[in-house]
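Enquirer: So that we are looking at the same thing, I have put the structure below in C-alpha cells.
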There are 2 protein chains.
Amino acid sequence: MLLINSIYMMNIATMEAKNEGKSIGFVPTMGYLHKGHISLIEKARSENDLVVVSIFVNPTQFGPKEDYEQYPRNLNRDMGMAKSVGADIIFCPEVSDMYPQNFKTTIHIKGISEKLCGSSRPKHFDGVATVVNKFFNIVKPTRAYFGRKDAQQVAIIEQMVKDLHMDVDIIPCPIIRDEDGLALSSRNVLLNKDERIAALVLNRSLNHAKALMKEKEINIVKIKKEILEMIAQEPLAIVDYVEILDSKSLNEIKELRGSILIALAVKIGETRLIDNIVLEE
Amino acid sequence: MLLINSIYMMNIATMEAKNEGKSIGFVPTMGYLHKGHISLIEKARSENDLVVVSIFVNPTQFGPKEDYEQYPRNLNRDMGMAKSVGADIIFCPEVSDMYPQNFKTTIHIKGISEKLCGSSRPKHFDGVATVVNKFFNIVKPTRAYFGRKDAQQVAIIEQMVKDLHMDVDIIPCPIIRDEDGLALSSRNVLLNKDERIAALVLNRSLNHAKALMKEKEINIVKIKKEILEMIAQEPLAIVDYVEILDSKSLNEIKELRGSILIALAVKIGETRLIDNIVLEE
C-alpha cells in the first residue's frame, strides 16, 4: 500500500492507472476509520482495479464553533485498517496544499444544501461539495463510495456530479451500525459512557417511526411528534432537527407516499450525531 | 466537420479521441464568430489533434435586464467560418440540456468575480465559471483558448482550474482589433453607424493611457482622470468603470509598478463594450 501526501504524486498515480486502463475506486474519508468506512473500502475493492482512500479532515466544512480541532485523527491506525481490506493508496494531502493562501473557489448546490444539516451548519455543504469536486479531479475515480448515513451529502454529491457532467459513478452504501444499533461515526469516540447510552435514542426513535408506519391512521405530524417526544425523554439529548422528506429529492412531502427519508440530528452532550432511515410506504 | 448538439454524443466523441491518444483543443464561444474567435480556433488547430468549438449563448451569465435575447446568433455562418479554419467539431448543446429544470449547482470565485464587470453584472462570472466547468468536463480539453479582451474572465477561469485541479491548460490569446482599433466583439454588430464611430473612444483612451505612461510624473489618479475625460467628450458614451490593476492578480495597486492592466467598460448607446491593455511599467 502506498501513502501519498502530495497532489502532484497522486496525479501521477492516477494517470498511470488510467493509461493502463485500470478502473479506480475512491473512498473519500476524514479518517479515524470505522466499520462503515471499511465496508466502503471492501466494496470499492470488489469492484475496481485500484482502490484509493483519502484521509483529509476538511477545514472548510466545519463552522467556526464546530469540532475541527477536536475531530479524532490517527493516521497509523487508519493505514493499518485500510491496508487490511486491500486499499492500494492512502491519499492524505496537506491542508496548505488543498487550500493555498489565494484559494477562491466555492461550489454551491442550492436548495438541497440549505435544509437539514445545512440550516444549522450554513457553509458545511459548500465545503463538502468543493472538496469532493477537488478530490474527483485529482483522483479521477471510476466509482466513488459514500455511506448513506450522510444522506444529504449523498444527494448533494449526486446533484453536483449530474449538473457538472463529472465522469464518475456515485455508489451510495448502507449505514453500518454497532451491535446496539448506534450508527457508526468517527465522532462516536467523543462520547463518554453515559452519552454513548443516550446516543442510542437516535436509532431507537427511527425504529419506533418504522413501527408507527404500520399503523392505519399514521401521518407525518404524528411521526415527528412521537420521535421528538422520545428524544425529549433522554436528558443528555438535544434535538437539532427531525425531518421527513422524499428520499430522492429531499423535498418536503405532505403525505407518507413512495420512498420516505426520516432524518435526524441530535446533540448528545457536545457531540452532534446524525442518523436516518429510508422507508417505503 | 461534425455538428454535435447532444451532450451524450459529445461525450462519446471526447472518449474516442482520448482513447486514440489525441490532444483536444477547445474554443468555447457564444457564437456569432469574428476574427478574434478565428484567431483562437487557428491557434487551437496548430497545437492539437482535435479542435472543438462550442457555440452556446449561456443564459446564466446574462442579468435579467441584459441582452440575452438580442445577442446575435447565426449558426450557419459560424459553421462556415469555423470549418474554413479547420475546426473538427462544432458543439452547440440545447439550453434545456445544459440547464434541466432541477439544475442546482453554482461555482463562485470570490474576490475576482465581484470587481470590474462583476460589480455591474453581479451573477455574470458565476454563470461563466459554472458553464466553463461544465464544458471542460464534457469536452475534456487538453488546452482551452480564451481571448484576453475578457481579461477578468481569463483570470477567473485560471483561478477555477487551479483551485479545482482541472486537467486543462488555459491559453490566453491576444486581443484582435479592427483596422480602426475597435476590439472585435460579437456585440459590435449591435452598434449603428454613429455608435460604431463613438466606440473608438475605448481604444483611443487606452492608447492615450499608454502614451501617458511615458511621462515622468505620471500616477494612477492622473491616468484614470484623463481616460474619464476623454470618454466624457464622446456624447454617445457612458462609462461603467475604468480600473488600473495588477495584471496577474487583478488586485488594486497604489503605484504604477510591474505588469499593469488598464480595463474599461463603456456603454455606447444600448451596447456595453469592454476593452483593456496590459502595460509593463
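Each chain of the C-alpha cells is named A, B, ... in the order shown, its residues numbered from 1; ligands are numbered from 1 in display order.
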Give me, as a PyMOL selection string, the residues of stretch 140-242 of chain A that a backbone DSSP run labels helix (DSSP H, G or I).

Expert: chain A and resi 148-163+186-190+193-198+200-212+220-232

Enquirer: Using only C-alpha atoms and a distance of at most 8 Å, pull out the residues of chain A that contact chain B, as a list of chain:residue names.

Expert: A:Tyr99, A:Phe103, A:Lys104, A:Thr105, A:Thr106, A:Ile107, A:His108, A:Ile109, A:Lys110, A:Gly111, A:Thr130, A:Asn133, A:Lys134, A:Asn137, A:Ile138, A:Gln159, A:Met160, A:Asp163, A:Leu164, A:His165, A:Met166, A:Asp167

Enquirer: Taking only C-alpha atoms into account, name the residue in B:Val242, B:Leu182, B:Leu236, B:Ile24 that is nearest to B:Ala87.

Expert: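 Using only C-alpha atoms, the shortest distance to B:Ala87 belongs to B:Ile24.
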
Enquirer: Present chain A as an mmCIF file with C-alpha atoms, in the first residue's frame, least-squares fitted onto chain B over all of its C-alpha atoms paired in order.

Expert:
data_model
loop_
_atom_site.group_PDB
_atom_site.id
_atom_site.type_symbol
_atom_site.label_atom_id
_atom_site.label_comp_id
_atom_site.auth_asym_id
_atom_site.auth_seq_id
_atom_site.Cartn_x
_atom_site.Cartn_y
_atom_site.Cartn_z
ATOM 1 C CA MET A 1 -16.618 18.908 -39.699
ATOM 2 C CA LEU A 2 -19.127 17.411 -37.286
ATOM 3 C CA LEU A 3 -22.069 19.273 -35.760
ATOM 4 C CA ILE A 4 -22.998 17.864 -32.330
ATOM 5 C CA ASN A 5 -25.890 19.173 -30.277
ATOM 6 C CA SER A 6 -26.195 16.386 -27.693
ATOM 7 C CA ILE A 7 -24.038 16.221 -24.571
ATOM 8 C CA TYR A 8 -24.087 12.448 -24.790
ATOM 9 C CA MET A 9 -22.709 12.417 -28.356
ATOM 10 C CA MET A 10 -20.056 14.956 -27.392
ATOM 11 C CA ASN A 11 -19.005 12.641 -24.540
ATOM 12 C CA ILE A 12 -18.592 9.796 -27.005
ATOM 13 C CA ALA A 13 -16.527 11.934 -29.400
ATOM 14 C CA THR A 14 -14.355 13.041 -26.468
ATOM 15 C CA MET A 15 -13.859 9.478 -25.223
ATOM 16 C CA GLU A 16 -12.915 8.250 -28.675
ATOM 17 C CA ALA A 17 -10.310 10.988 -29.075
ATOM 18 C CA LYS A 18 -8.907 10.267 -25.593
ATOM 19 C CA ASN A 19 -8.730 6.540 -26.321
ATOM 20 C CA GLU A 20 -6.779 7.278 -29.487
ATOM 21 C CA GLY A 21 -4.369 9.427 -27.491
ATOM 22 C CA LYS A 22 -5.402 12.590 -29.321
ATOM 23 C CA SER A 23 -4.968 16.031 -27.787
ATOM 24 C CA ILE A 24 -8.124 18.163 -27.735
ATOM 25 C CA GLY A 25 -8.079 21.922 -28.315
ATOM 26 C CA PHE A 26 -11.228 23.683 -27.148
ATOM 27 C CA VAL A 27 -12.559 27.125 -28.054
ATOM 28 C CA PRO A 28 -15.694 27.986 -26.044
ATOM 29 C CA THR A 29 -17.740 30.757 -27.698
ATOM 30 C CA MET A 30 -21.181 32.314 -27.640
ATOM 31 C CA GLY A 31 -21.188 32.214 -31.432
ATOM 32 C CA TYR A 32 -21.485 34.999 -33.993
ATOM 33 C CA LEU A 33 -17.825 34.388 -34.630
ATOM 34 C CA HIS A 34 -15.426 37.165 -35.555
ATOM 35 C CA LYS A 35 -11.706 37.342 -36.310
ATOM 36 C CA GLY A 36 -10.960 37.169 -32.577
ATOM 37 C CA HIS A 37 -12.587 33.743 -32.341
ATOM 38 C CA ILE A 38 -10.969 32.722 -35.612
ATOM 39 C CA SER A 39 -7.535 33.509 -34.183
ATOM 40 C CA LEU A 40 -8.333 31.217 -31.225
ATOM 41 C CA ILE A 41 -9.493 28.396 -33.503
ATOM 42 C CA GLU A 42 -6.374 28.780 -35.663
ATOM 43 C CA LYS A 43 -4.155 28.565 -32.595
ATOM 44 C CA ALA A 44 -6.072 25.536 -31.313
ATOM 45 C CA ARG A 45 -5.717 23.941 -34.778
ATOM 46 C CA SER A 46 -1.944 24.452 -34.772
ATOM 47 C CA GLU A 47 -1.474 22.878 -31.325
ATOM 48 C CA ASN A 48 -3.941 19.955 -31.126
ATOM 49 C CA ASP A 49 -5.128 16.807 -32.899
ATOM 50 C CA LEU A 50 -8.833 17.528 -32.462
ATOM 51 C CA VAL A 51 -10.365 21.019 -32.401
ATOM 52 C CA VAL A 52 -13.748 21.513 -30.709
ATOM 53 C CA VAL A 53 -15.579 24.855 -30.911
ATOM 54 C CA SER A 54 -18.624 25.267 -28.697
ATOM 55 C CA ILE A 55 -21.354 27.719 -29.612
ATOM 56 C CA PHE A 56 -23.678 28.401 -26.695
ATOM 57 C CA VAL A 57 -25.262 31.681 -25.690
ATOM 58 C CA ASN A 58 -25.228 30.945 -21.970
ATOM 59 C CA PRO A 59 -28.349 32.378 -20.297
ATOM 60 C CA THR A 60 -26.941 32.209 -16.743
ATOM 61 C CA GLN A 61 -24.259 34.808 -17.479
ATOM 62 C CA PHE A 62 -26.807 37.426 -18.540
ATOM 63 C CA GLY A 63 -28.616 39.587 -15.998
ATOM 64 C CA PRO A 64 -32.413 39.977 -16.148
ATOM 65 C CA LYS A 65 -32.148 43.340 -17.939
ATOM 66 C CA GLU A 66 -29.267 42.366 -20.209
ATOM 67 C CA ASP A 67 -29.149 41.455 -23.895
ATOM 68 C CA TYR A 68 -29.615 37.656 -23.825
ATOM 69 C CA GLU A 69 -32.456 37.827 -26.337
ATOM 70 C CA GLN A 70 -30.716 40.440 -28.503
ATOM 71 C CA TYR A 71 -27.356 38.658 -28.515
ATOM 72 C CA PRO A 72 -26.585 37.965 -32.195
ATOM 73 C CA ARG A 73 -26.896 34.367 -33.405
ATOM 74 C CA ASN A 74 -26.178 32.743 -36.788
ATOM 75 C CA LEU A 75 -25.179 29.082 -36.664
ATOM 76 C CA ASN A 76 -24.811 28.593 -40.429
ATOM 77 C CA ARG A 77 -22.449 31.522 -40.738
ATOM 78 C CA ASP A 78 -20.477 30.320 -37.670
ATOM 79 C CA MET A 79 -20.165 26.784 -39.054
ATOM 80 C CA GLY A 80 -18.766 28.060 -42.330
ATOM 81 C CA MET A 81 -16.214 30.242 -40.594
ATOM 82 C CA ALA A 82 -15.132 27.536 -38.122
ATOM 83 C CA LYS A 83 -14.821 24.948 -40.875
ATOM 84 C CA SER A 84 -12.709 27.275 -43.026
ATOM 85 C CA VAL A 85 -10.009 27.367 -40.324
ATOM 86 C CA GLY A 86 -10.069 23.661 -39.591
ATOM 87 C CA ALA A 87 -12.430 23.074 -36.648
ATOM 88 C CA ASP A 88 -13.317 19.367 -36.347
ATOM 89 C CA ILE A 89 -16.413 19.601 -34.168
ATOM 90 C CA ILE A 90 -18.967 22.328 -33.545
ATOM 91 C CA PHE A 91 -20.693 21.608 -30.233
ATOM 92 C CA CYS A 92 -23.912 23.543 -29.704
ATOM 93 C CA PRO A 93 -25.911 21.995 -26.857
ATOM 94 C CA GLU A 94 -29.506 22.950 -26.093
ATOM 95 C CA VAL A 95 -30.187 25.289 -23.165
ATOM 96 C CA SER A 96 -32.662 22.719 -21.788
ATOM 97 C CA ASP A 97 -29.940 20.036 -21.773
ATOM 98 C CA MET A 98 -27.335 22.269 -20.157
ATOM 99 C CA TYR A 99 -29.818 23.562 -17.569
ATOM 100 C CA PRO A 100 -32.566 21.020 -16.958
ATOM 101 C CA GLN A 101 -35.367 22.088 -14.623
ATOM 102 C CA ASN A 102 -33.742 20.818 -11.434
ATOM 103 C CA PHE A 103 -30.281 22.259 -12.131
ATOM 104 C CA LYS A 104 -28.837 23.482 -8.807
ATOM 105 C CA THR A 105 -25.056 23.971 -8.985
ATOM 106 C CA THR A 106 -23.127 27.260 -8.998
ATOM 107 C CA ILE A 107 -19.389 27.880 -8.930
ATOM 108 C CA HIS A 108 -18.241 31.137 -7.403
ATOM 109 C CA ILE A 109 -14.707 32.558 -7.493
ATOM 110 C CA LYS A 110 -14.634 35.072 -4.670
ATOM 111 C CA GLY A 111 -12.888 38.409 -4.949
ATOM 112 C CA ILE A 112 -12.053 38.348 -8.658
ATOM 113 C CA SER A 113 -15.722 37.852 -9.585
ATOM 114 C CA GLU A 114 -17.001 40.887 -7.720
ATOM 115 C CA LYS A 115 -14.857 43.694 -9.169
ATOM 116 C CA LEU A 116 -14.801 45.270 -12.669
ATOM 117 C CA CYS A 117 -17.619 43.751 -14.761
ATOM 118 C CA GLY A 118 -18.707 41.792 -11.670
ATOM 119 C CA SER A 119 -19.952 44.891 -9.852
ATOM 120 C CA SER A 120 -22.370 45.928 -12.611
ATOM 121 C CA ARG A 121 -23.104 42.306 -13.586
ATOM 122 C CA PRO A 122 -23.411 40.596 -10.166
ATOM 123 C CA LYS A 123 -24.011 36.938 -11.171
ATOM 124 C CA HIS A 124 -22.208 37.150 -14.520
ATOM 125 C CA PHE A 125 -18.974 35.386 -13.550
ATOM 126 C CA ASP A 126 -20.754 32.665 -11.549
ATOM 127 C CA GLY A 127 -22.542 31.877 -14.804
ATOM 128 C CA VAL A 128 -19.267 31.954 -16.741
ATOM 129 C CA ALA A 129 -17.323 29.792 -14.270
ATOM 130 C CA THR A 130 -20.126 27.245 -13.979
ATOM 131 C CA VAL A 131 -20.715 26.849 -17.713
ATOM 132 C CA VAL A 132 -16.994 26.644 -18.472
ATOM 133 C CA ASN A 133 -16.618 23.986 -15.762
ATOM 134 C CA LYS A 134 -19.447 22.020 -17.390
ATOM 135 C CA PHE A 135 -17.879 22.351 -20.849
ATOM 136 C CA PHE A 136 -14.468 21.276 -19.557
ATOM 137 C CA ASN A 137 -16.002 18.134 -18.039
ATOM 138 C CA ILE A 138 -17.897 17.327 -21.240
ATOM 139 C CA VAL A 139 -15.155 18.157 -23.776
ATOM 140 C CA LYS A 140 -12.166 17.189 -21.567
ATOM 141 C CA PRO A 141 -9.830 19.516 -23.467
ATOM 142 C CA THR A 142 -6.042 19.289 -23.302
ATOM 143 C CA ARG A 143 -5.919 23.041 -23.953
ATOM 144 C CA ALA A 144 -8.623 25.721 -23.876
ATOM 145 C CA TYR A 145 -8.302 29.072 -25.652
ATOM 146 C CA PHE A 146 -9.639 32.396 -24.374
ATOM 147 C CA GLY A 147 -9.233 35.930 -25.727
ATOM 148 C CA ARG A 148 -7.575 38.499 -23.494
ATOM 149 C CA LYS A 149 -10.308 41.017 -24.289
ATOM 150 C CA ASP A 150 -12.181 39.379 -21.407
ATOM 151 C CA ALA A 151 -9.193 39.754 -19.078
ATOM 152 C CA GLN A 152 -11.291 39.176 -15.989
ATOM 153 C CA GLN A 153 -12.827 36.031 -17.485
ATOM 154 C CA VAL A 154 -9.334 34.665 -18.166
ATOM 155 C CA ALA A 155 -8.277 35.360 -14.550
ATOM 156 C CA ILE A 156 -11.413 33.667 -13.185
ATOM 157 C CA ILE A 157 -11.072 30.565 -15.349
ATOM 158 C CA GLU A 158 -7.374 30.257 -14.469
ATOM 159 C CA GLN A 159 -8.239 30.519 -10.756
ATOM 160 C CA MET A 160 -11.008 27.908 -11.014
ATOM 161 C CA VAL A 161 -8.818 25.468 -12.920
ATOM 162 C CA LYS A 162 -6.057 25.829 -10.311
ATOM 163 C CA ASP A 163 -8.369 25.626 -7.281
ATOM 164 C CA LEU A 164 -10.313 22.613 -8.576
ATOM 165 C CA HIS A 165 -7.258 20.813 -10.067
ATOM 166 C CA MET A 166 -8.848 20.650 -13.498
ATOM 167 C CA ASP A 167 -6.666 18.895 -16.027
ATOM 168 C CA VAL A 168 -6.563 21.547 -18.774
ATOM 169 C CA ASP A 169 -4.081 24.178 -19.924
ATOM 170 C CA ILE A 170 -5.624 27.629 -20.236
ATOM 171 C CA ILE A 171 -4.149 29.515 -23.207
ATOM 172 C CA PRO A 172 -4.913 33.262 -23.148
ATOM 173 C CA CYS A 173 -4.658 34.849 -26.602
ATOM 174 C CA PRO A 174 -4.116 38.451 -27.787
ATOM 175 C CA ILE A 175 -6.964 40.892 -28.397
ATOM 176 C CA ILE A 176 -7.804 41.154 -32.107
ATOM 177 C CA ARG A 177 -8.805 44.628 -33.326
ATOM 178 C CA ASP A 178 -10.482 46.021 -36.402
ATOM 179 C CA GLU A 179 -8.377 48.248 -38.672
ATOM 180 C CA ASP A 180 -9.660 51.322 -36.840
ATOM 181 C CA GLY A 181 -8.622 49.861 -33.477
ATOM 182 C CA LEU A 182 -12.004 48.691 -32.110
ATOM 183 C CA ALA A 183 -11.572 45.424 -30.218
ATOM 184 C CA LEU A 184 -13.552 42.705 -31.997
ATOM 185 C CA SER A 185 -16.726 41.633 -30.202
ATOM 186 C CA SER A 186 -19.872 39.850 -31.328
ATOM 187 C CA ARG A 187 -21.750 42.795 -29.822
ATOM 188 C CA ASN A 188 -20.171 45.246 -32.320
ATOM 189 C CA VAL A 189 -22.896 44.342 -34.832
ATOM 190 C CA LEU A 190 -25.424 45.872 -32.430
ATOM 191 C CA LEU A 191 -23.839 49.338 -32.977
ATOM 192 C CA ASN A 192 -25.300 51.741 -35.530
ATOM 193 C CA LYS A 193 -23.022 53.872 -37.696
ATOM 194 C CA ASP A 194 -22.643 56.746 -35.206
ATOM 195 C CA GLU A 195 -22.170 54.380 -32.286
ATOM 196 C CA ARG A 196 -19.522 52.467 -34.234
ATOM 197 C CA ILE A 197 -17.520 55.689 -34.504
ATOM 198 C CA ALA A 198 -18.178 56.612 -30.878
ATOM 199 C CA ALA A 199 -16.978 53.166 -29.777
ATOM 200 C CA LEU A 200 -13.472 54.008 -30.968
ATOM 201 C CA VAL A 201 -13.103 56.045 -27.778
ATOM 202 C CA LEU A 202 -12.341 52.839 -25.850
ATOM 203 C CA ASN A 203 -9.196 52.019 -27.778
ATOM 204 C CA ARG A 204 -8.291 55.719 -28.163
ATOM 205 C CA SER A 205 -8.335 56.245 -24.404
ATOM 206 C CA LEU A 206 -6.253 53.121 -23.784
ATOM 207 C CA ASN A 207 -3.688 54.338 -26.326
ATOM 208 C CA HIS A 208 -3.681 57.716 -24.615
ATOM 209 C CA ALA A 209 -3.000 55.960 -21.285
ATOM 210 C CA LYS A 210 -0.130 54.090 -22.904
ATOM 211 C CA ALA A 211 1.374 57.383 -24.059
ATOM 212 C CA LEU A 212 0.862 58.937 -20.615
ATOM 213 C CA MET A 213 2.857 56.107 -19.020
ATOM 214 C CA LYS A 214 5.983 57.580 -20.636
ATOM 215 C CA GLU A 215 5.590 60.843 -18.720
ATOM 216 C CA LYS A 216 7.774 61.406 -15.686
ATOM 217 C CA GLU A 217 5.260 62.490 -13.068
ATOM 218 C CA ILE A 218 2.533 60.079 -14.062
ATOM 219 C CA ASN A 219 0.362 58.257 -11.505
ATOM 220 C CA ILE A 220 -2.790 56.139 -11.341
ATOM 221 C CA VAL A 221 -5.111 58.994 -10.439
ATOM 222 C CA LYS A 222 -3.959 61.086 -13.375
ATOM 223 C CA ILE A 223 -4.312 58.261 -15.906
ATOM 224 C CA LYS A 224 -7.820 57.429 -14.702
ATOM 225 C CA LYS A 225 -8.795 61.102 -14.807
ATOM 226 C CA GLU A 226 -7.578 61.582 -18.371
ATOM 227 C CA ILE A 227 -9.285 58.402 -19.597
ATOM 228 C CA LEU A 228 -12.560 59.497 -17.975
ATOM 229 C CA GLU A 229 -12.246 62.966 -19.513
ATOM 230 C CA MET A 230 -11.624 61.530 -22.947
ATOM 231 C CA ILE A 231 -14.674 59.259 -22.723
ATOM 232 C CA ALA A 232 -16.784 62.124 -21.325
ATOM 233 C CA GLN A 233 -16.112 64.081 -24.531
ATOM 234 C CA GLU A 234 -17.918 61.369 -26.482
ATOM 235 C CA PRO A 235 -21.674 62.132 -26.197
ATOM 236 C CA LEU A 236 -22.835 58.563 -27.005
ATOM 237 C CA ALA A 237 -20.551 56.992 -24.368
ATOM 238 C CA ILE A 238 -21.320 56.345 -20.697
ATOM 239 C CA VAL A 239 -18.535 54.929 -18.540
ATOM 240 C CA ASP A 240 -19.236 51.842 -16.429
ATOM 241 C CA TYR A 241 -15.717 51.570 -15.004
ATOM 242 C CA VAL A 242 -12.086 52.458 -15.615
ATOM 243 C CA GLU A 243 -9.738 50.379 -13.459
ATOM 244 C CA ILE A 244 -5.971 50.110 -13.181
ATOM 245 C CA LEU A 245 -4.969 46.812 -11.560
ATOM 246 C CA ASP A 246 -2.202 44.273 -11.213
ATOM 247 C CA SER A 247 -2.504 42.291 -14.457
ATOM 248 C CA LYS A 248 -1.968 38.883 -12.816
ATOM 249 C CA SER A 249 -3.993 39.057 -9.602
ATOM 250 C CA LEU A 250 -6.431 41.800 -10.665
ATOM 251 C CA ASN A 251 -5.765 43.295 -7.233
ATOM 252 C CA GLU A 252 -5.838 47.064 -6.810
ATOM 253 C CA ILE A 253 -2.457 48.751 -6.946
ATOM 254 C CA LYS A 254 -1.292 52.041 -5.511
ATOM 255 C CA GLU A 255 1.739 52.580 -7.715
ATOM 256 C CA LEU A 256 2.429 52.032 -11.397
ATOM 257 C CA ARG A 257 4.753 49.063 -10.973
ATOM 258 C CA GLY A 258 5.220 45.726 -12.721
ATOM 259 C CA SER A 259 2.630 44.466 -15.167
ATOM 260 C CA ILE A 260 -0.426 46.727 -15.169
ATOM 261 C CA LEU A 261 -3.889 46.093 -16.566
ATOM 262 C CA ILE A 262 -5.968 49.078 -17.610
ATOM 263 C CA ALA A 263 -9.506 47.781 -18.110
ATOM 264 C CA LEU A 264 -12.622 49.655 -19.058
ATOM 265 C CA ALA A 265 -16.298 49.088 -19.738
ATOM 266 C CA VAL A 266 -18.303 51.703 -21.595
ATOM 267 C CA LYS A 267 -21.899 51.767 -22.732
ATOM 268 C CA ILE A 268 -22.269 53.049 -26.307
ATOM 269 C CA GLY A 269 -25.999 53.603 -26.715
ATOM 270 C CA GLU A 270 -27.572 50.348 -25.508
ATOM 271 C CA THR A 271 -24.446 48.262 -26.106
ATOM 272 C CA ARG A 272 -21.934 47.658 -23.347
ATOM 273 C CA LEU A 273 -18.366 47.192 -24.616
ATOM 274 C CA ILE A 274 -15.161 46.274 -22.799
ATOM 275 C CA ASP A 275 -11.522 46.702 -23.704
ATOM 276 C CA ASN A 276 -8.166 46.596 -21.953
ATOM 277 C CA ILE A 277 -4.446 46.967 -22.338
ATOM 278 C CA VAL A 278 -1.548 45.433 -20.410
ATOM 279 C CA LEU A 279 1.433 47.727 -19.888
ATOM 280 C CA GLU A 280 4.791 46.990 -18.329
ATOM 281 C CA GLU A 281 5.976 49.877 -16.210
#

Enquirer: Could you tell me, as a PyMOL selection string, which residues of stretch 22-239 of chain A DSSP assigns to strand (DSSP E) when given the backbone?

Expert: chain A and resi 24-29+50-55+89-91+105-109+143-147+169-173+237-239

Enquirer: Please produce a file of the residues just selected, as a tab-separated table (two decimals), in the first residue's frame, where the atoms kept are N, CA and C atoms.

Expert:
chain	number	residue	atom	x	y	z
A	24	ILE	N	-10.70	2.92	-11.20
A	24	ILE	CA	-10.28	3.47	-9.90
A	24	ILE	C	-11.50	3.58	-8.99
A	25	GLY	N	-11.44	2.92	-7.84
A	25	GLY	CA	-12.48	3.05	-6.82
A	25	GLY	C	-11.98	4.02	-5.75
A	26	PHE	N	-12.82	4.96	-5.37
A	26	PHE	CA	-12.37	6.02	-4.47
A	26	PHE	C	-13.28	6.11	-3.25
A	27	VAL	N	-12.66	6.11	-2.07
A	27	VAL	CA	-13.41	6.26	-0.82
A	27	VAL	C	-12.88	7.51	-0.10
A	28	PRO	N	-13.58	8.65	-0.22
A	28	PRO	CA	-13.13	9.85	0.48
A	28	PRO	C	-13.56	9.78	1.95
A	29	THR	N	-12.62	10.02	2.86
A	29	THR	CA	-12.95	9.98	4.30
A	29	THR	C	-12.26	11.13	5.03
A	50	LEU	N	-7.96	-0.42	-8.93
A	50	LEU	CA	-7.15	0.35	-7.98
A	50	LEU	C	-8.08	0.98	-6.95
A	51	VAL	N	-7.73	0.87	-5.67
A	51	VAL	CA	-8.57	1.45	-4.62
A	51	VAL	C	-7.80	2.58	-3.90
A	52	VAL	N	-8.37	3.78	-3.97
A	52	VAL	CA	-7.76	4.95	-3.34
A	52	VAL	C	-8.65	5.39	-2.18
A	53	VAL	N	-8.06	5.53	-1.00
A	53	VAL	CA	-8.78	6.05	0.17
A	53	VAL	C	-8.15	7.38	0.54
A	54	SER	N	-8.93	8.45	0.55
A	54	SER	CA	-8.37	9.72	1.00
A	54	SER	C	-8.70	9.92	2.47
A	55	ILE	N	-7.74	10.50	3.17
A	55	ILE	CA	-7.94	10.85	4.58
A	55	ILE	C	-7.63	12.33	4.70
A	89	ILE	N	-3.88	2.74	-2.23
A	89	ILE	CA	-3.28	4.06	-1.98
A	89	ILE	C	-4.05	4.77	-0.88
A	90	ILE	N	-3.30	5.29	0.10
A	90	ILE	CA	-3.88	6.24	1.05
A	90	ILE	C	-3.42	7.62	0.61
A	91	PHE	N	-4.37	8.51	0.36
A	91	PHE	CA	-4.03	9.86	-0.10
A	91	PHE	C	-4.41	10.84	1.00
A	105	THR	N	-12.31	29.43	-4.75
A	105	THR	CA	-13.44	28.81	-5.45
A	105	THR	C	-14.39	28.07	-4.49
A	106	THR	N	-15.68	28.28	-4.68
A	106	THR	CA	-16.69	27.58	-3.89
A	106	THR	C	-17.76	27.02	-4.81
A	107	ILE	N	-18.19	25.80	-4.51
A	107	ILE	CA	-19.30	25.20	-5.26
A	107	ILE	C	-20.50	25.11	-4.34
A	108	HIS	N	-21.61	25.63	-4.82
A	108	HIS	CA	-22.83	25.65	-4.02
A	108	HIS	C	-23.95	24.90	-4.76
A	109	ILE	N	-24.63	24.00	-4.04
A	109	ILE	CA	-25.76	23.29	-4.61
A	109	ILE	C	-27.00	23.86	-3.93
A	143	ARG	N	-15.48	5.04	-9.87
A	143	ARG	CA	-16.59	4.95	-8.92
A	143	ARG	C	-16.16	5.57	-7.59
A	144	ALA	N	-17.11	6.27	-6.94
A	144	ALA	CA	-16.81	6.82	-5.61
A	144	ALA	C	-17.89	6.36	-4.65
A	145	TYR	N	-17.46	6.01	-3.42
A	145	TYR	CA	-18.31	5.32	-2.46
A	145	TYR	C	-18.61	6.22	-1.26
A	146	PHE	N	-19.90	6.36	-0.95
A	146	PHE	CA	-20.33	7.21	0.16
A	146	PHE	C	-21.35	6.44	1.01
A	147	GLY	N	-21.25	6.61	2.34
A	147	GLY	CA	-22.21	5.97	3.22
A	147	GLY	C	-23.53	6.73	3.25
A	169	ASP	N	-19.14	7.42	-11.24
A	169	ASP	CA	-20.37	6.81	-10.71
A	169	ASP	C	-20.37	6.94	-9.19
A	170	ILE	N	-21.44	7.52	-8.66
A	170	ILE	CA	-21.57	7.64	-7.21
A	170	ILE	C	-22.29	6.39	-6.70
A	171	ILE	N	-21.64	5.69	-5.75
A	171	ILE	CA	-22.20	4.45	-5.20
A	171	ILE	C	-22.56	4.68	-3.73
A	172	PRO	N	-23.85	4.90	-3.43
A	172	PRO	CA	-24.24	5.05	-2.02
A	172	PRO	C	-24.30	3.67	-1.36
A	173	CYS	N	-23.82	3.60	-0.13
A	173	CYS	CA	-23.73	2.30	0.57
A	173	CYS	C	-24.48	2.35	1.90
A	237	ALA	N	-29.86	14.49	25.53
A	237	ALA	CA	-30.06	14.72	24.09
A	237	ALA	C	-30.79	16.04	23.83
A	238	ILE	N	-30.28	16.79	22.84
A	238	ILE	CA	-30.99	17.99	22.38
A	238	ILE	C	-31.18	17.88	20.87
A	239	VAL	N	-32.44	17.95	20.44
A	239	VAL	CA	-32.73	17.77	19.01
A	239	VAL	C	-32.27	18.98	18.21
